[in-house]
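Everything below belongs to run03.txt, which stores compact mmCIF, C-alpha atoms.
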# COMPACT_ATOMS: atom_id res chain seq x y z
CA MET A 174 -5.08 -38.60 19.10
CA LYS A 175 -3.14 -41.63 20.34
CA GLU A 176 -6.33 -43.15 21.76
CA MET A 177 -7.70 -43.32 18.20
CA TYR A 178 -5.03 -45.91 17.37
CA PRO A 179 -4.92 -49.56 18.49
CA LYS A 180 -2.77 -50.47 21.50
CA LYS A 181 -1.82 -53.63 19.64
CA GLY A 182 -1.74 -54.08 15.91
CA ARG A 183 -1.15 -51.71 13.00
CA VAL A 184 -2.97 -49.05 10.99
CA ILE A 185 -2.23 -49.41 7.29
CA LEU A 186 -3.29 -47.21 4.38
CA HIS A 187 -3.40 -48.36 0.78
CA VAL A 188 -3.36 -45.30 -1.46
CA ASP A 189 -4.35 -45.93 -5.08
CA MET A 190 -4.35 -43.23 -7.75
CA ASN A 191 -7.55 -43.18 -9.81
CA SER A 192 -7.14 -43.70 -13.58
CA PHE A 193 -3.58 -42.50 -13.12
CA TYR A 194 -2.30 -41.86 -16.66
CA ALA A 195 -5.56 -40.22 -17.74
CA SER A 196 -5.70 -38.13 -14.55
CA VAL A 197 -2.14 -36.85 -15.10
CA GLU A 198 -3.03 -35.81 -18.65
CA MET A 199 -6.09 -33.93 -17.34
CA ALA A 200 -3.96 -32.21 -14.70
CA TYR A 201 -1.53 -31.22 -17.46
CA ASP A 202 -4.33 -29.96 -19.74
CA PRO A 203 -7.53 -29.07 -17.80
CA ARG A 204 -9.44 -28.83 -21.10
CA LEU A 205 -9.56 -32.63 -21.06
CA LYS A 206 -11.51 -32.75 -17.78
CA GLY A 207 -15.00 -34.18 -17.98
CA LYS A 208 -14.32 -35.72 -21.39
CA PRO A 209 -13.93 -39.37 -22.38
CA LEU A 210 -10.16 -39.84 -22.54
CA ALA A 211 -8.11 -42.94 -23.22
CA ILE A 212 -4.37 -43.57 -23.13
CA ALA A 213 -3.43 -46.15 -25.73
CA GLY A 214 -0.43 -47.70 -27.39
CA ASN A 215 -0.17 -47.48 -31.18
CA VAL A 216 -2.69 -44.63 -31.40
CA GLU A 217 -2.40 -44.51 -35.18
CA GLU A 218 -3.24 -48.18 -35.49
CA ARG A 219 -6.85 -49.34 -35.45
CA ARG A 220 -5.79 -52.38 -33.46
CA GLY A 221 -4.01 -50.48 -30.68
CA ILE A 222 -4.88 -51.38 -27.08
CA ILE A 223 -6.37 -49.14 -24.35
CA VAL A 224 -3.89 -48.77 -21.48
CA THR A 225 -6.21 -46.80 -19.21
CA CYS A 226 -9.15 -44.43 -19.56
CA SER A 227 -11.07 -41.75 -17.69
CA TYR A 228 -14.22 -42.53 -15.75
CA GLU A 229 -16.25 -40.67 -18.37
CA ALA A 230 -15.03 -43.22 -20.92
CA ARG A 231 -15.71 -46.12 -18.55
CA GLN A 232 -19.31 -45.01 -18.15
CA VAL A 233 -19.98 -45.87 -21.80
CA GLY A 234 -18.21 -49.23 -21.63
CA VAL A 235 -14.60 -48.42 -22.56
CA ARG A 236 -12.16 -50.43 -20.46
CA THR A 237 -8.48 -51.31 -20.11
CA THR A 238 -7.05 -53.80 -22.67
CA MET A 239 -9.94 -53.12 -25.08
CA PRO A 240 -8.91 -52.78 -28.75
CA LEU A 241 -8.95 -49.18 -29.92
CA TRP A 242 -11.40 -49.86 -32.75
CA GLU A 243 -13.92 -51.31 -30.29
CA ALA A 244 -13.51 -48.39 -27.86
CA ARG A 245 -14.12 -45.86 -30.64
CA LYS A 246 -17.21 -47.78 -31.73
CA LEU A 247 -18.62 -47.54 -28.18
CA CYS A 248 -17.55 -43.90 -27.79
CA PRO A 249 -17.19 -41.95 -31.07
CA ASP A 250 -16.10 -38.84 -29.12
CA LEU A 251 -13.25 -40.69 -27.37
CA ILE A 252 -10.04 -38.65 -27.12
CA VAL A 253 -7.05 -40.95 -27.53
CA MET A 254 -3.52 -40.01 -26.45
CA LYS A 255 -0.15 -41.72 -26.43
CA PRO A 256 1.44 -42.39 -23.02
CA ASN A 257 3.85 -39.73 -21.76
CA PHE A 258 5.97 -41.54 -19.21
CA GLU A 259 8.03 -38.51 -18.21
CA ARG A 260 4.86 -36.85 -16.93
CA TYR A 261 3.79 -40.03 -15.13
CA ARG A 262 7.17 -40.46 -13.44
CA ALA A 263 7.09 -36.84 -12.26
CA ALA A 264 3.60 -37.33 -10.83
CA SER A 265 4.59 -40.61 -9.16
CA THR A 266 7.62 -38.99 -7.51
CA ALA A 267 5.45 -36.17 -6.15
CA PHE A 268 2.86 -38.69 -4.95
CA PHE A 269 5.30 -40.80 -2.91
CA ASP A 270 7.10 -37.73 -1.56
CA LEU A 271 3.77 -36.55 -0.17
CA LEU A 272 3.07 -39.93 1.47
CA ARG A 273 6.49 -39.87 3.17
CA GLN A 274 5.54 -36.65 4.96
CA PHE A 275 3.14 -38.73 7.09
CA SER A 276 5.31 -41.80 7.73
CA ASP A 277 8.74 -43.21 6.99
CA LEU A 278 7.09 -46.57 6.34
CA VAL A 279 5.99 -46.17 2.71
CA GLU A 280 6.14 -49.16 0.37
CA PRO A 281 5.57 -48.45 -3.34
CA VAL A 282 3.72 -51.27 -5.09
CA SER A 283 3.68 -49.73 -8.55
CA ILE A 284 4.00 -46.31 -10.16
CA ASP A 285 0.54 -45.30 -8.88
CA GLU A 286 -0.13 -47.16 -5.62
CA GLY A 287 1.53 -47.86 -2.30
CA TYR A 288 1.11 -48.82 1.36
CA VAL A 289 1.68 -46.47 4.31
CA ASP A 290 1.98 -47.65 7.92
CA ILE A 291 0.62 -44.76 10.02
CA THR A 292 0.55 -46.59 13.38
CA GLU A 293 2.97 -44.02 14.88
CA SER A 294 1.59 -41.03 12.96
CA TYR A 295 -1.06 -39.98 15.50
CA GLU A 296 0.52 -36.51 15.74
CA PHE A 297 -1.11 -35.80 12.35
CA GLY A 298 -4.61 -36.76 13.47
CA SER A 299 -6.85 -39.82 13.45
CA PRO A 300 -6.48 -42.41 10.65
CA ILE A 301 -9.54 -40.98 8.90
CA GLU A 302 -8.20 -37.43 9.20
CA ILE A 303 -4.81 -38.47 7.75
CA ALA A 304 -6.53 -40.20 4.82
CA GLU A 305 -8.70 -37.14 4.20
CA THR A 306 -5.64 -34.87 4.35
CA ILE A 307 -3.71 -37.00 1.84
CA GLN A 308 -6.67 -37.13 -0.52
CA ALA A 309 -7.30 -33.39 -0.25
CA ARG A 310 -3.64 -32.50 -0.78
CA MET A 311 -3.43 -34.77 -3.81
CA LEU A 312 -6.30 -32.80 -5.33
CA GLU A 313 -5.28 -29.32 -4.24
CA GLN A 314 -1.56 -29.56 -4.93
CA PHE A 315 -1.39 -32.04 -7.81
CA ASP A 316 -4.95 -32.06 -9.20
CA LEU A 317 -4.93 -35.88 -9.00
CA PRO A 318 -7.67 -38.06 -7.44
CA CYS A 319 -6.97 -41.12 -5.29
CA SER A 320 -8.84 -43.73 -3.27
CA ILE A 321 -7.63 -44.84 0.15
CA GLY A 322 -8.25 -48.00 2.17
CA ILE A 323 -7.71 -48.02 5.96
CA ALA A 324 -7.26 -51.37 7.68
CA PRO A 325 -5.15 -53.34 10.19
CA ASN A 326 -3.14 -55.11 7.47
CA LYS A 327 -2.06 -54.79 3.84
CA PHE A 328 -4.58 -57.22 2.33
CA LEU A 329 -7.58 -55.54 3.94
CA ALA A 330 -6.25 -52.06 3.12
CA LYS A 331 -5.87 -53.00 -0.56
CA THR A 332 -9.36 -54.52 -0.57
CA ALA A 333 -10.80 -51.40 1.05
CA SER A 334 -9.23 -48.99 -1.44
CA ASP A 335 -10.90 -50.86 -4.31
CA MET A 336 -14.38 -50.51 -2.80
CA LYS A 337 -14.99 -46.83 -3.57
CA LYS A 338 -13.60 -45.29 -6.76
CA PRO A 339 -12.94 -42.57 -7.60
CA LEU A 340 -12.13 -40.47 -4.52
CA GLY A 341 -13.23 -43.00 -1.92
CA ILE A 342 -12.05 -43.53 1.64
CA THR A 343 -13.03 -46.90 3.11
CA VAL A 344 -12.35 -48.37 6.55
CA LEU A 345 -12.29 -52.18 6.71
CA ARG A 346 -11.93 -53.76 10.15
CA LYS A 347 -11.60 -57.45 10.97
CA ARG A 348 -15.07 -57.39 12.50
CA ASP A 349 -16.45 -56.26 9.12
CA ILE A 350 -15.09 -59.27 7.21
CA LYS A 351 -18.07 -61.60 7.59
CA HIS A 352 -20.73 -59.19 6.37
CA VAL A 353 -18.63 -57.10 3.92
CA LEU A 354 -16.04 -59.47 2.47
CA TRP A 355 -17.52 -62.95 2.65
CA PRO A 356 -20.59 -62.36 0.44
CA MET A 357 -18.38 -61.17 -2.45
CA ASN A 358 -17.62 -63.38 -5.44
CA VAL A 359 -14.26 -65.11 -4.92
CA GLY A 360 -13.07 -63.71 -8.27
CA GLU A 361 -13.31 -60.19 -6.81
CA MET A 362 -10.76 -60.99 -4.11
CA HIS A 363 -7.34 -59.39 -4.41
CA GLY A 364 -4.89 -62.13 -5.37
CA VAL A 365 -7.46 -64.35 -7.08
CA GLY A 366 -7.35 -64.19 -10.86
CA GLN A 367 -9.86 -65.56 -13.33
CA LYS A 368 -8.09 -68.92 -13.71
CA THR A 369 -7.78 -69.37 -9.94
CA ALA A 370 -11.46 -68.51 -9.48
CA GLU A 371 -12.40 -71.14 -12.05
CA LYS A 372 -10.30 -73.74 -10.24
CA LEU A 373 -11.91 -72.85 -6.91
CA LYS A 374 -15.37 -73.36 -8.39
CA THR A 375 -14.47 -76.99 -9.10
CA ILE A 376 -14.41 -77.56 -5.32
CA SER A 377 -17.61 -75.52 -4.76
CA ILE A 378 -15.91 -72.32 -3.64
CA HIS A 379 -17.90 -69.44 -5.16
CA THR A 380 -17.64 -66.67 -2.56
CA ILE A 381 -14.89 -65.31 -0.34
CA GLY A 382 -16.82 -66.77 2.58
CA ASP A 383 -16.63 -70.22 0.97
CA LEU A 384 -12.86 -69.78 0.66
CA ALA A 385 -12.56 -68.68 4.29
CA LYS A 386 -14.23 -71.94 5.37
CA GLY A 387 -12.55 -74.09 2.69
CA ASN A 388 -10.94 -77.45 3.32
CA GLU A 389 -7.18 -76.91 3.68
CA ILE A 390 -6.25 -80.29 2.20
CA GLN A 391 -8.36 -79.58 -0.90
CA LEU A 392 -6.98 -76.05 -1.24
CA LYS A 393 -3.36 -77.18 -0.95
CA SER A 394 -3.94 -79.99 -3.43
CA LEU A 395 -5.55 -77.57 -5.90
CA LEU A 396 -3.35 -74.46 -5.52
CA GLY A 397 -0.36 -75.52 -3.45
CA ILE A 398 0.83 -73.27 -0.63
CA ASN A 399 -0.97 -70.34 -2.27
CA GLY A 400 -4.29 -72.03 -1.49
CA LEU A 401 -3.59 -71.87 2.24
CA ARG A 402 -2.39 -68.28 1.93
CA LEU A 403 -5.61 -67.28 0.15
CA LYS A 404 -7.67 -68.90 2.91
CA GLU A 405 -5.78 -66.81 5.47
CA ARG A 406 -6.48 -63.66 3.47
CA ALA A 407 -10.19 -64.56 3.22
CA ASN A 408 -10.21 -64.70 7.01
CA GLY A 409 -8.58 -61.27 7.20
CA MET A 410 -5.11 -62.49 8.20
CA ASP A 411 -1.99 -60.91 6.70
CA VAL A 412 1.25 -60.58 8.67
CA ARG A 413 3.25 -58.79 5.96
CA GLU A 414 4.82 -55.55 7.18
CA VAL A 415 4.99 -52.29 5.25
CA ASP A 416 8.67 -52.30 4.38
CA PRO A 417 10.19 -49.49 2.27
CA ASN A 418 13.15 -51.76 1.48
CA SER A 419 11.16 -54.83 0.63
CA VAL A 420 11.27 -56.41 -2.80
CA SER A 421 9.63 -59.64 -1.62
CA ASP A 422 6.34 -58.90 -3.38
CA PHE A 423 7.99 -58.43 -6.75
CA LYS A 424 10.87 -60.57 -7.99
CA SER A 425 10.84 -58.92 -11.38
CA VAL A 426 9.47 -55.85 -13.14
CA GLY A 427 8.53 -56.01 -16.79
CA ASN A 428 6.32 -54.87 -19.63
CA SER A 429 5.33 -56.44 -22.94
CA THR A 430 3.18 -55.46 -25.89
CA THR A 431 1.47 -57.33 -28.70
CA LEU A 432 2.14 -55.47 -31.93
CA PRO A 433 -0.86 -54.50 -34.10
CA LYS A 434 0.76 -56.24 -37.07
CA ASP A 435 3.71 -58.49 -37.89
CA VAL A 436 6.83 -56.29 -37.94
CA THR A 437 10.23 -56.84 -39.55
CA ASN A 438 11.34 -53.21 -39.78
CA VAL A 439 14.38 -52.69 -37.52
CA ARG A 440 13.58 -49.05 -36.75
CA GLU A 441 10.01 -49.87 -35.68
CA LEU A 442 11.18 -52.73 -33.45
CA ASN A 443 13.81 -50.51 -31.83
CA GLU A 444 11.14 -47.88 -31.13
CA VAL A 445 8.96 -50.50 -29.43
CA LEU A 446 11.90 -51.61 -27.27
CA GLU A 447 12.56 -47.97 -26.29
CA LYS A 448 8.93 -47.51 -25.18
CA LEU A 449 9.00 -50.77 -23.22
CA ALA A 450 12.26 -49.70 -21.57
CA ASP A 451 10.61 -46.41 -20.55
CA THR A 452 7.79 -48.26 -18.79
CA VAL A 453 10.13 -50.73 -17.08
CA SER A 454 12.34 -47.85 -15.91
CA ALA A 455 9.34 -46.02 -14.43
CA ARG A 456 8.20 -49.13 -12.59
CA LEU A 457 11.67 -49.86 -11.19
CA LYS A 458 11.99 -46.29 -9.90
CA ALA A 459 8.51 -46.36 -8.36
CA LYS A 460 9.46 -49.50 -6.43
CA GLN A 461 12.90 -48.04 -5.56
CA VAL A 462 14.70 -51.06 -6.96
CA LEU A 463 17.30 -51.75 -9.64
CA ALA A 464 17.60 -54.72 -11.95
CA THR A 465 20.77 -56.81 -11.96
CA GLY A 466 19.46 -58.97 -14.78
CA LEU A 467 17.49 -58.28 -17.96
CA SER A 468 15.27 -60.55 -20.06
CA VAL A 469 13.86 -59.91 -23.51
CA THR A 470 10.90 -61.88 -24.86
CA LEU A 471 10.12 -62.06 -28.58
CA ARG A 472 7.24 -63.88 -30.24
CA TYR A 473 7.22 -64.56 -33.97
CA LYS A 474 4.15 -64.50 -36.20
CA ASP A 475 3.97 -68.32 -35.95
CA ARG A 476 3.63 -67.86 -32.14
CA LYS A 477 7.04 -69.35 -31.41
CA THR A 478 8.25 -67.52 -28.31
CA LEU A 479 11.83 -67.00 -27.10
CA THR A 480 13.06 -65.46 -23.84
CA ARG A 481 16.73 -64.57 -23.54
CA SER A 482 18.37 -63.23 -20.38
CA LYS A 483 21.59 -61.48 -19.41
CA LYS A 484 23.23 -61.01 -16.03
CA LEU A 485 24.38 -57.38 -15.72
CA ASN A 486 27.68 -56.10 -14.35
CA ASN A 487 26.03 -52.92 -13.05
CA PRO A 488 22.43 -52.68 -11.72
CA VAL A 489 20.19 -50.46 -13.85
CA ASP A 490 16.97 -48.46 -13.65
CA LYS A 491 17.50 -45.79 -16.32
CA GLN A 492 15.57 -45.90 -19.58
CA ASP A 493 18.55 -45.40 -21.88
CA GLU A 494 20.58 -48.17 -20.23
CA ILE A 495 17.68 -50.63 -20.25
CA SER A 496 16.86 -49.74 -23.85
CA GLN A 497 20.41 -50.29 -25.11
CA LEU A 498 20.84 -53.57 -23.22
CA ALA A 499 17.48 -54.84 -24.47
CA LYS A 500 18.36 -53.96 -28.06
CA ASN A 501 21.66 -55.81 -27.75
CA ILE A 502 19.93 -58.93 -26.44
CA PHE A 503 17.17 -58.74 -29.04
CA HIS A 504 19.43 -58.29 -32.06
CA SER A 505 21.72 -61.08 -30.85
CA HIS A 506 18.87 -63.59 -30.98
CA TRP A 507 16.41 -62.29 -33.60
CA ASN A 508 16.42 -64.46 -36.73
CA GLY A 509 14.94 -61.73 -38.95
CA ASN A 510 11.42 -63.18 -39.13
CA ALA A 511 8.34 -61.05 -38.43
CA ILE A 512 7.79 -60.18 -34.75
CA ARG A 513 4.32 -60.08 -33.14
CA LEU A 514 5.19 -59.49 -29.45
CA LEU A 515 8.07 -57.91 -27.57
CA GLY A 516 8.73 -57.72 -23.84
CA ILE A 517 11.42 -56.49 -21.44
CA THR A 518 11.76 -57.68 -17.84
CA GLY A 519 14.16 -56.48 -15.15
CA THR A 520 15.12 -59.41 -12.91
CA ASP A 521 17.09 -60.17 -9.73
CA LEU A 522 15.95 -56.91 -8.17
CA ILE A 523 17.80 -55.14 -5.37
CA HIS A 524 16.83 -52.08 -3.38
CA VAL A 525 18.55 -48.83 -4.35
CA ASN A 526 20.29 -48.67 -0.96
CA GLU A 527 21.87 -52.06 -1.55
CA ALA A 528 23.16 -51.32 -5.03
CA VAL A 529 26.93 -51.50 -5.31
CA LYS A 530 28.33 -50.44 -8.65
CA GLN A 531 30.81 -52.84 -10.20
CA LEU A 532 33.42 -50.71 -11.98
CA ASP A 533 34.38 -51.73 -15.48
CA LEU A 534 36.82 -50.38 -18.03
CA PHE A 535 34.33 -47.82 -19.35
CA SER A 536 32.95 -46.50 -16.05
CA TYR A 537 36.28 -46.40 -14.19
CA GLU A 538 37.56 -43.12 -15.61
CA ARG A 539 34.20 -41.37 -15.08
CA ASP A 540 33.83 -42.65 -11.52
CA ALA A 541 37.46 -41.90 -10.66
CA LYS A 542 36.74 -38.20 -11.20
CA LYS A 543 34.19 -38.41 -8.39
CA GLU A 544 36.63 -40.03 -5.96
CA PRO A 545 37.70 -36.83 -4.09
CA LEU A 546 34.04 -35.95 -3.48
CA LEU A 547 33.18 -39.49 -2.39
CA ASN A 548 36.13 -39.54 -0.01
CA ALA A 549 34.94 -36.28 1.56
CA VAL A 550 31.42 -37.68 1.94
CA SER A 551 32.84 -40.86 3.51
CA LYS A 552 34.81 -38.85 6.09
CA LEU A 553 31.73 -36.79 6.99
CA LYS A 554 29.69 -39.95 7.50
CA GLU A 555 32.45 -41.53 9.57
CA LYS A 556 32.63 -38.48 11.85
CA TYR A 557 28.96 -37.53 12.13
CA GLY A 558 27.05 -40.69 11.18
CA THR A 559 25.61 -42.09 7.97
CA ALA A 560 22.51 -39.88 8.09
CA ILE A 561 24.50 -36.63 7.89
CA ILE A 562 24.63 -36.66 4.09
CA ASN A 563 23.13 -38.73 1.29
CA GLN A 564 23.40 -38.82 -2.47
CA ALA A 565 20.67 -36.71 -4.02
CA GLY A 566 19.03 -39.71 -5.66
CA MET A 567 18.56 -41.46 -2.32
CA ALA A 568 17.73 -38.50 -0.11
CA ARG A 569 14.55 -38.79 1.92
CA LYS A 570 12.44 -35.82 2.87
CA LYS A 571 12.03 -35.30 6.59
CA LYS A 572 8.54 -35.80 7.90
CA GLN A 573 6.78 -32.45 7.87
CA PRO A 574 3.45 -31.44 9.36
CA PRO A 575 0.67 -31.49 6.75
CA SER A 576 0.41 -28.24 4.85
CA PHE A 577 -2.20 -27.12 2.36
CA GLY A 578 -0.01 -24.55 0.64
CA THR A 579 -0.04 -24.64 -3.16
CA ASP A 580 3.42 -23.19 -3.81
CA THR A 581 4.77 -26.65 -4.65
CA SER A 582 1.74 -27.80 -6.62
CA PHE A 583 2.18 -30.46 -9.27
CA ASN A 584 0.76 -28.13 -11.93
CA LYS A 585 3.12 -25.27 -11.06
CA ASP A 586 6.22 -27.32 -10.43
CA PHE A 587 6.51 -30.79 -11.92
CA LEU A 588 4.26 -30.34 -14.93
CA HIS A 589 5.75 -27.01 -15.87
CA ARG A 590 9.22 -28.55 -15.78
CA VAL A 591 8.04 -31.37 -18.02
CA ARG A 592 6.37 -28.89 -20.36
CA ASP A 593 9.57 -26.80 -20.54
CA ARG A 594 11.61 -29.87 -21.47
CA GLU A 595 9.06 -30.89 -24.13
CA GLU A 596 9.20 -27.44 -25.71
CA GLU A 597 13.01 -27.32 -25.88

What does the file become when written as structure tokens?
Amino acid sequence: MKEMYPKKGRVILHVDMNSFYASVEMAYDPRLKGKPLAIAGNVEERRGIIVTCSYEARQVGVRTTMPLWEARKLCPDLIVMKPNFERYRAASTAFFDLLRQFSDLVEPVSIDEGYVDITESYEFGSPIEIAETIQARMLEQFDLPCSIGIAPNKFLAKTASDMKKPLGITVLRKRDIKHVLWPMNVGEMHGVGQKTAEKLKTISIHTIGDLAKGNEIQLKSLLGINGLRLKERANGMDVREVDPNSVSDFKSVGNSTTLPKDVTNVRELNEVLEKLADTVSARLKAKQVLATGLSVTLRYKDRKTLTRSKKLNNPVDKQDEISQLAKNIFHSHWNGNAIRLLGITGTDLIHVNEAVKQLDLFSYERDAKKEPLLNAVSKLKEKYGTAIINQAGMARKKKQPPSFGTDTSFNKDFLHRVRDREEE
């Protein structure tokens, strides 16, 4: 199979779960399959917002960020559910564990997507065969659909995975760029938002091909260094490596929500902060990073917005820790007026392997009890090498040949554990 891989260059997969939250709910309860399903915040409120929805809902016009009242008007039969982040975290963990069976070079981008460098994975088959195996195993073991892009770099792989949804596998080579990528509207390009697309139109750049041929002086004047970077991407150039330890693509991880009404009730505001902390925790864990700083954003009904930050003694990624810290920051700066928006952001991120806990008065006694065990682990590592033993939270699965067994299926294992905890 080695001849199926380039002698120079890389083979990168971008694996993107399809309608992730909705798909997890359908895996958990198969009765939801084939029905228009939406996951939304503030389900009881008419003005709640759609977080994600099934493809059956999308077919009738329901889309992400749409107000709940509008979605129900388009689709009277729409089933609306609250997010269940414990289920989504379990699914995400299973997803990335599966990817790591094909390569050690797996870089999570978010809770439901990541890059895999399979350049040295020819023992598992051709790039197409590996993509087909991953997609099939995701369905058979976890009952979750995904789309996969195959390309020589991260930008093209991400672009390719977006081309066929759901359950698509797309190969995008550099020789395909001119006839596949260039005719597309520049606003469809990964990394170009609506505002950037509007700016580009002011210098007559309407397609990705226009951007690829754009004047560098104009682009730098309009968009700074990002303008030159976008031109490189439009020409299919991207030198970024797939790095499991990289946090360069995300300096912070956060989540915010606009409340359906002005809120002054302390209990309601605390509940919102707890939900936001749950999402931020899930995203930090998916990226395998911890936050050493925390910011809380609050917007009053008069649209006055405040952001207050705190440098943390100990890096965090757990929901309860983030929630408590966020509440402390919020209540220290809230003036009691009605709140319309709340947000939590983890900042100054570090990879889990780089995290060094700073002992304080409260954690010292607890951590001291672990000292004999840690000393034993240290001696083992000193004698046999650092790979001989790892903490459970950082342990990596060894690469295993692909297997289609269903004994460790998501439905049987992860979802049943979640269901058991919910029923306790």

Counting all atoms listed in the file, which residues in segment 268-382 of chain A sit no more than 12 Å from segment 439-462 of chain A? For each one, give the nearest pair of atoms and the distance in Å, sorted by chain then residue number, as CSV.
residue,atom,partner,partner_atom,distance
A:Phe268,CA,A:Ala459,CA,10.1
A:Phe269,CA,A:Ala459,CA,8.4
A:Asp270,CA,A:Ala459,CA,11.1
A:Val279,CA,A:Lys460,CA,10.3
A:Glu280,CA,A:Lys460,CA,7.6
A:Pro281,CA,A:Lys460,CA,5.1
A:Val282,CA,A:Lys460,CA,6.2
A:Ser283,CA,A:Ala459,CA,5.9
A:Ile284,CA,A:Ala459,CA,4.9
A:Asp285,CA,A:Ala459,CA,8.1
A:Glu286,CA,A:Ala459,CA,9.1
A:Gly287,CA,A:Lys460,CA,9.1
A:Tyr288,CA,A:Lys460,CA,11.4

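The space separating atom CA of Thr292 of chain A from atom CA of Gly182 of chain A comes to 8.2 Å.
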
Å distance separating atom CA of Leu471 of chain A from atom CA of Thr431 of chain A, one decimal place: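 Atom-to-atom, atom CA of Leu471 of chain A and atom CA of Thr431 of chain A are spaced 9.9 Å apart.
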
When you look at Ser468 of chain A with a cut-off of 10 Å (counting all atoms listed in the file), what residues show up, excluding the ones that are within fewer than 6 positions of it in the same chain? I need them as a tab-separated table (two decimals) with C-alpha atoms, in the coordinates of the input.
chain	number	residue	atom	x	y	z
A	425	SER	CA	10.84	-58.92	-11.38
A	427	GLY	CA	8.53	-56.01	-16.79
A	480	THR	CA	13.06	-65.46	-23.84
A	481	ARG	CA	16.73	-64.57	-23.54
A	482	SER	CA	18.37	-63.23	-20.38
A	483	LYS	CA	21.59	-61.48	-19.41
A	484	LYS	CA	23.23	-61.01	-16.03
A	498	LEU	CA	20.84	-53.57	-23.22
A	499	ALA	CA	17.48	-54.84	-24.47
A	502	ILE	CA	19.93	-58.93	-26.44
A	503	PHE	CA	17.17	-58.74	-29.04
A	516	GLY	CA	8.73	-57.72	-23.84
A	517	ILE	CA	11.42	-56.49	-21.44
A	518	THR	CA	11.76	-57.68	-17.84
A	519	GLY	CA	14.16	-56.48	-15.15
A	520	THR	CA	15.12	-59.41	-12.91

Å distance separating atom CA of Val188 of chain A from atom CA of Asp490 of chain A, one decimal place: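 Pair atom CA of Val188 of chain A / atom CA of Asp490 of chain A returns 23.9 Å.
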
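Considering the residues A:Gly360, A:Gly214, A:Asp189, A:Asp250 and counting all atoms listed in the file, Ala333 of chain A has its shortest atom-to-atom contact with A:Asp189.
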
Residue with smallest distance to Ser276 of chain A - pool A:Met190, A:Ile185, A:Leu340, A:Gln308, counting all atoms listed in the file: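 Between A:Met190, A:Ile185, A:Leu340, A:Gln308, the residue approaching Ser276 of chain A most closely is A:Ile185.
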
Nearest to Arg348 of chain A by atom-to-atom distance, counting all atoms listed in the file, from A:Asn408, A:Asn486, A:Glu313, A:Asp290: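 The shortest atom-to-atom distance to Arg348 of chain A comes from A:Asn408.
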
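In terms of minimum interatomic distance to Leu522 of chain A, A:Gly466 ranks closest within A:Gly466, A:Gly509, A:Gly382, A:Gly298, counting only C-alpha atoms.
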
Residue among A:Gln314, A:Ser227, A:Asn191, A:Gln274 lying closest to Lys206 of chain A, counting only C-alpha atoms: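 Looking only at the distances to Lys206 of chain A, the closest residue turns out to be A:Ser227.
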
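Using all atoms listed in the file, the shortest contact distance between Glu494 of chain A and any of A:Tyr201, A:Thr225, A:Ala464, A:Lys208 is found at A:Ala464.
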
For segment 351-368 of chain A, I'd like the enclosing box, axis-aligned and padded by 6 Å on every side, reported as AutoDock Vina command-line options with centre and edge lengths in Å to one decimal.
--center_x -12.8 --center_y -63.0 --center_z -3.1 --size_x 27.8 --size_y 23.8 --size_z 33.3
